[in-house]
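Everything on this sheet refers to the single structure shown next.
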Number of protein chains: 2
Amino acid sequence: MSTKGLLVILSGPSGSGKDTVLEQVFKKEPQLQKSISMTTREIRENEVDGRDYYFVSKEYFEKQISAKNMLESAVYSSNYYGTPKAPVDKWLEDDKTVVLKIEVQGAEKIRKLYPDCVSIFIMPPSLKVLEERLRGRNTDSEEAILMRLEAAVGEMQSAEKYDYIVFNDVLEDVVDDVCSIIKSEKFKSLRMKNKVREVIKNA
Amino acid sequence: MSTKGLLVILSGPSGSGKDTVLEQVFKKEPQLQKSISMTTREIRENEVDGRDYYFVSKEYFEKQISAKNMLESAVYSSNYYGTPKAPVDKWLEDDKTVVLKIEVQGAEKIRKLYPDCVSIFIMPPSLKVLEERLRGRNTDSEEAILMRLEAAVGEMQSAEKYDYIVFNDVLEDVVDDVCSIIKSEKFKSLRMKNKVREVIKNA
């Protein structure tokens, strides 16, 4: 296990509230390094290009894939999502904790590339709440909502592959939970053993 | 992995400050169930029988071992230390989080009996600080201090066998760290997967 940096990947179906959770996590722990994804999906109200995602054209995205500049990329609800590779590696080398929001398909690839990463799956408390949240968003057509619901259930089938699963019921609680998980991972003995050896050496 | 309760074992050499840390952890998280050990060592100033340990005679302790009433027991600095088994199993069955302070030798046995337990090793920040703490205690003879120091280094060799290692530098920090570790363990996907399946089932 590398003792350099810590890569945290976070997934959750559309409507699980992962964006709000992450926003609060970054507010609470400003030293965390946010990895910004690239997508070809349309920008939503309240979203900012370069803060929430890099919103790019399909052509530009495909050029980045060809140039092997992407850590992973996946198609989800007919749009590309992906993570530029270079900044992640640089941050890890600089011993930072990098938090990466990622779709379920992308998470599988990241786990293979970075086996020491920590993965967290955000679950909606129930399907009923999930549907309410998707409808409350008022940005999607009925057809899109049903597609997202179906996709959500599909993604939940992958929850068990993650290291941790957190149910997003009360926002403050889930923010605390995610912060605790990230914090405690740093105390894993594989990450600390060199520090212990350093102390013993002086005996 | 059993979804019933969570067993947390915590070790650390004499002078690592594990008792003070645990005291604050229980103050902060009063729902945690403290497991009280039994020992034949002499009671120290400020210690209370039945709160810090059950202080018993060598004869009584040996009778408990013979009756197989002990989860584990070990000899450390010429004294017996051990954990009565029945209450731990009862608390776990009641879905409680049981925190067990235990010597390094005992921890090995517990890990075999309860493979799902979570183990935390408390490290002193340095050998210098450890020696200062042992001397500051003013309860031990010079010979006892040197024996404890030697034993401490021996115990630190086992730190890597624990799931987590936390350095006890600033008390508040280490209390927070231990609480975070205990909290986040409950979100391990093996413990949460049944809850996820419950949600998916209704789709």
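Residue names in the structure tokens use chain letters A, B, ... in the order shown, residue numbers from 1 in each chain, and ligand numbers from 1 in the order shown.
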Give the residues of chain B that lie within 10 Å of chain A; count only C-alpha atoms, and format the answer as a PyMOL selection string. chain B and resi 119-121+123-128+149-150+152-154+156-167+176-203
What's the 10 Å shell around stretch 65-78 of chain B, counting only C-alpha atoms, without same-chain residues fewer than 5 positions away, as a list in words?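 Everything that qualifies: Ser37, Met38, Thr39, Thr40, Arg41, Tyr60, Thr83, Pro84, Lys85, Ala86, Pro87, Val88, Asp89, Ile102, Glu103, Val104, Gln105, Gly106, Ala107, Glu108, Lys109, Ile110, Leu113, Ala144, Met147, Arg148 and Ala151 of chain B.
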Using only C-alpha atoms, determine which residues lie at most 6 Å from stretch 27-35 of chain A, disregarding the query and same-chain residues fewer than 6 positions distant; provide the list as a list in words.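 Counting only the stated atoms, we get Thr97, Val98, Val99 and Leu100 of chain A.
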Please write the residues from the selection above to a file, keeping all heavy atoms, as a PDB file, in the first residue's frame.
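After the write, selection.pdb holds the following:
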```pdb
ATOM      1  N   THR A  97      -5.333  14.042   0.110  1.00  0.00           N
ATOM      2  CA  THR A  97      -6.486  13.152   0.058  1.00  0.00           C
ATOM      3  C   THR A  97      -7.394  13.649  -1.059  1.00  0.00           C
ATOM      4  O   THR A  97      -7.937  14.750  -0.977  1.00  0.00           O
ATOM      5  CB  THR A  97      -7.234  13.136   1.399  1.00  0.00           C
ATOM      6  OG1 THR A  97      -6.342  12.645   2.401  1.00  0.00           O
ATOM      7  CG2 THR A  97      -8.463  12.225   1.335  1.00  0.00           C
ATOM      8  N   VAL A  98      -7.487  12.851  -2.105  1.00  0.00           N
ATOM      9  CA  VAL A  98      -8.243  13.245  -3.284  1.00  0.00           C
ATOM     10  C   VAL A  98      -9.603  12.553  -3.253  1.00  0.00           C
ATOM     11  O   VAL A  98      -9.677  11.335  -3.097  1.00  0.00           O
ATOM     12  CB  VAL A  98      -7.501  12.833  -4.578  1.00  0.00           C
ATOM     13  CG1 VAL A  98      -8.239  13.352  -5.809  1.00  0.00           C
ATOM     14  CG2 VAL A  98      -6.067  13.334  -4.566  1.00  0.00           C
ATOM     15  N   VAL A  99     -10.658  13.332  -3.395  1.00  0.00           N
ATOM     16  CA  VAL A  99     -11.999  12.757  -3.382  1.00  0.00           C
ATOM     17  C   VAL A  99     -12.592  12.870  -4.780  1.00  0.00           C
ATOM     18  O   VAL A  99     -12.643  13.944  -5.363  1.00  0.00           O
ATOM     19  CB  VAL A  99     -12.912  13.457  -2.361  1.00  0.00           C
ATOM     20  CG1 VAL A  99     -14.293  12.796  -2.340  1.00  0.00           C
ATOM     21  CG2 VAL A  99     -12.291  13.403  -0.975  1.00  0.00           C
ATOM     22  N   LEU A 100     -13.026  11.730  -5.277  1.00  0.00           N
ATOM     23  CA  LEU A 100     -13.443  11.618  -6.656  1.00  0.00           C
ATOM     24  C   LEU A 100     -14.881  11.105  -6.725  1.00  0.00           C
ATOM     25  O   LEU A 100     -15.180  10.000  -6.276  1.00  0.00           O
ATOM     26  CB  LEU A 100     -12.500  10.587  -7.268  1.00  0.00           C
ATOM     27  CG  LEU A 100     -12.125  10.617  -8.726  1.00  0.00           C
ATOM     28  CD1 LEU A 100     -10.817   9.865  -8.895  1.00  0.00           C
ATOM     29  CD2 LEU A 100     -13.181  10.009  -9.580  1.00  0.00           C
TER      30      LEU A 100
END
```
So what do you get for atom CA of A:Ile122 versus atom CA of A:Leu7, distance-wise?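 Pair atom CA of A:Ile122 / atom CA of A:Leu7 returns 16.7 Å.
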Apply DSSP to the structure's backbone, then extract all residues of chain B labelled strand (DSSP E or B) and return them as a VMD selection string. chain B and resid 6 to 11 33 to 35 38 to 39 49 53 to 55 70 to 76 79 to 84 97 to 101 118 to 123 164 to 167 188
Preceding selection exported with C-alpha atoms as a PDB file, in the first residue's frame:
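Generated output (result_20.pdb):
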```pdb
ATOM      1  CA  LEU B   6     -19.445  -4.740  16.969  1.00  0.00           C
ATOM      2  CA  LEU B   7     -16.496  -5.784  19.075  1.00  0.00           C
ATOM      3  CA  VAL B   8     -13.710  -3.210  19.316  1.00  0.00           C
ATOM      4  CA  ILE B   9     -10.448  -4.184  20.943  1.00  0.00           C
ATOM      5  CA  LEU B  10      -7.990  -1.555  22.024  1.00  0.00           C
ATOM      6  CA  SER B  11      -4.419  -2.094  23.123  1.00  0.00           C
ATOM      7  CA  GLN B  33     -20.489  -0.662  26.098  1.00  0.00           C
ATOM      8  CA  LYS B  34     -17.339  -0.850  28.182  1.00  0.00           C
ATOM      9  CA  SER B  35     -16.012  -4.288  28.879  1.00  0.00           C
ATOM     10  CA  MET B  38     -10.241  -8.656  35.588  1.00  0.00           C
ATOM     11  CA  THR B  39      -6.723  -8.399  36.946  1.00  0.00           C
ATOM     12  CA  ASP B  49     -12.685  -1.698  41.668  1.00  0.00           C
ATOM     13  CA  TYR B  53     -10.901  -3.387  36.567  1.00  0.00           C
ATOM     14  CA  TYR B  54     -12.206  -6.136  38.743  1.00  0.00           C
ATOM     15  CA  PHE B  55      -9.268  -6.443  41.111  1.00  0.00           C
ATOM     16  CA  MET B  70     -12.631 -16.222  30.719  1.00  0.00           C
ATOM     17  CA  LEU B  71     -12.616 -15.073  27.093  1.00  0.00           C
ATOM     18  CA  GLU B  72      -8.888 -14.685  27.338  1.00  0.00           C
ATOM     19  CA  SER B  73      -6.313 -14.226  30.015  1.00  0.00           C
ATOM     20  CA  ALA B  74      -2.646 -13.472  29.943  1.00  0.00           C
ATOM     21  CA  VAL B  75       0.213 -12.874  32.302  1.00  0.00           C
ATOM     22  CA  TYR B  76       1.796  -9.474  31.972  1.00  0.00           C
ATOM     23  CA  ASN B  79       0.042 -10.312  36.884  1.00  0.00           C
ATOM     24  CA  TYR B  80      -3.026 -11.905  35.342  1.00  0.00           C
ATOM     25  CA  TYR B  81      -5.265  -9.845  33.075  1.00  0.00           C
ATOM     26  CA  GLY B  82      -8.399 -11.202  31.444  1.00  0.00           C
ATOM     27  CA  THR B  83     -11.916 -10.722  30.175  1.00  0.00           C
ATOM     28  CA  PRO B  84     -14.986 -12.523  31.472  1.00  0.00           C
ATOM     29  CA  THR B  97     -20.732  -1.895  20.344  1.00  0.00           C
ATOM     30  CA  VAL B  98     -18.486  -3.412  22.964  1.00  0.00           C
ATOM     31  CA  VAL B  99     -15.110  -1.826  23.616  1.00  0.00           C
ATOM     32  CA  LEU B 100     -12.535  -4.040  25.204  1.00  0.00           C
ATOM     33  CA  LYS B 101      -9.204  -2.816  26.541  1.00  0.00           C
ATOM     34  CA  VAL B 118     -11.981  -4.196  14.964  1.00  0.00           C
ATOM     35  CA  SER B 119      -8.624  -3.684  16.625  1.00  0.00           C
ATOM     36  CA  ILE B 120      -6.949  -0.393  17.483  1.00  0.00           C
ATOM     37  CA  PHE B 121      -3.417   0.068  18.808  1.00  0.00           C
ATOM     38  CA  ILE B 122      -2.596   3.241  20.741  1.00  0.00           C
ATOM     39  CA  MET B 123       1.007   4.349  20.282  1.00  0.00           C
ATOM     40  CA  TYR B 164      -5.694   0.685  13.060  1.00  0.00           C
ATOM     41  CA  ILE B 165      -2.801   2.454  14.766  1.00  0.00           C
ATOM     42  CA  VAL B 166      -3.329   5.838  16.421  1.00  0.00           C
ATOM     43  CA  PHE B 167      -0.541   7.947  17.910  1.00  0.00           C
ATOM     44  CA  LYS B 188     -18.437  -1.335   6.144  1.00  0.00           C
TER      45      LYS B 188
END
```
Would you compute the distance between atom CA of B:Glu45 and atom CA of B:Asp169? Give it in Å to one decimal.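 Interatomic distance here is 24.0 Å.
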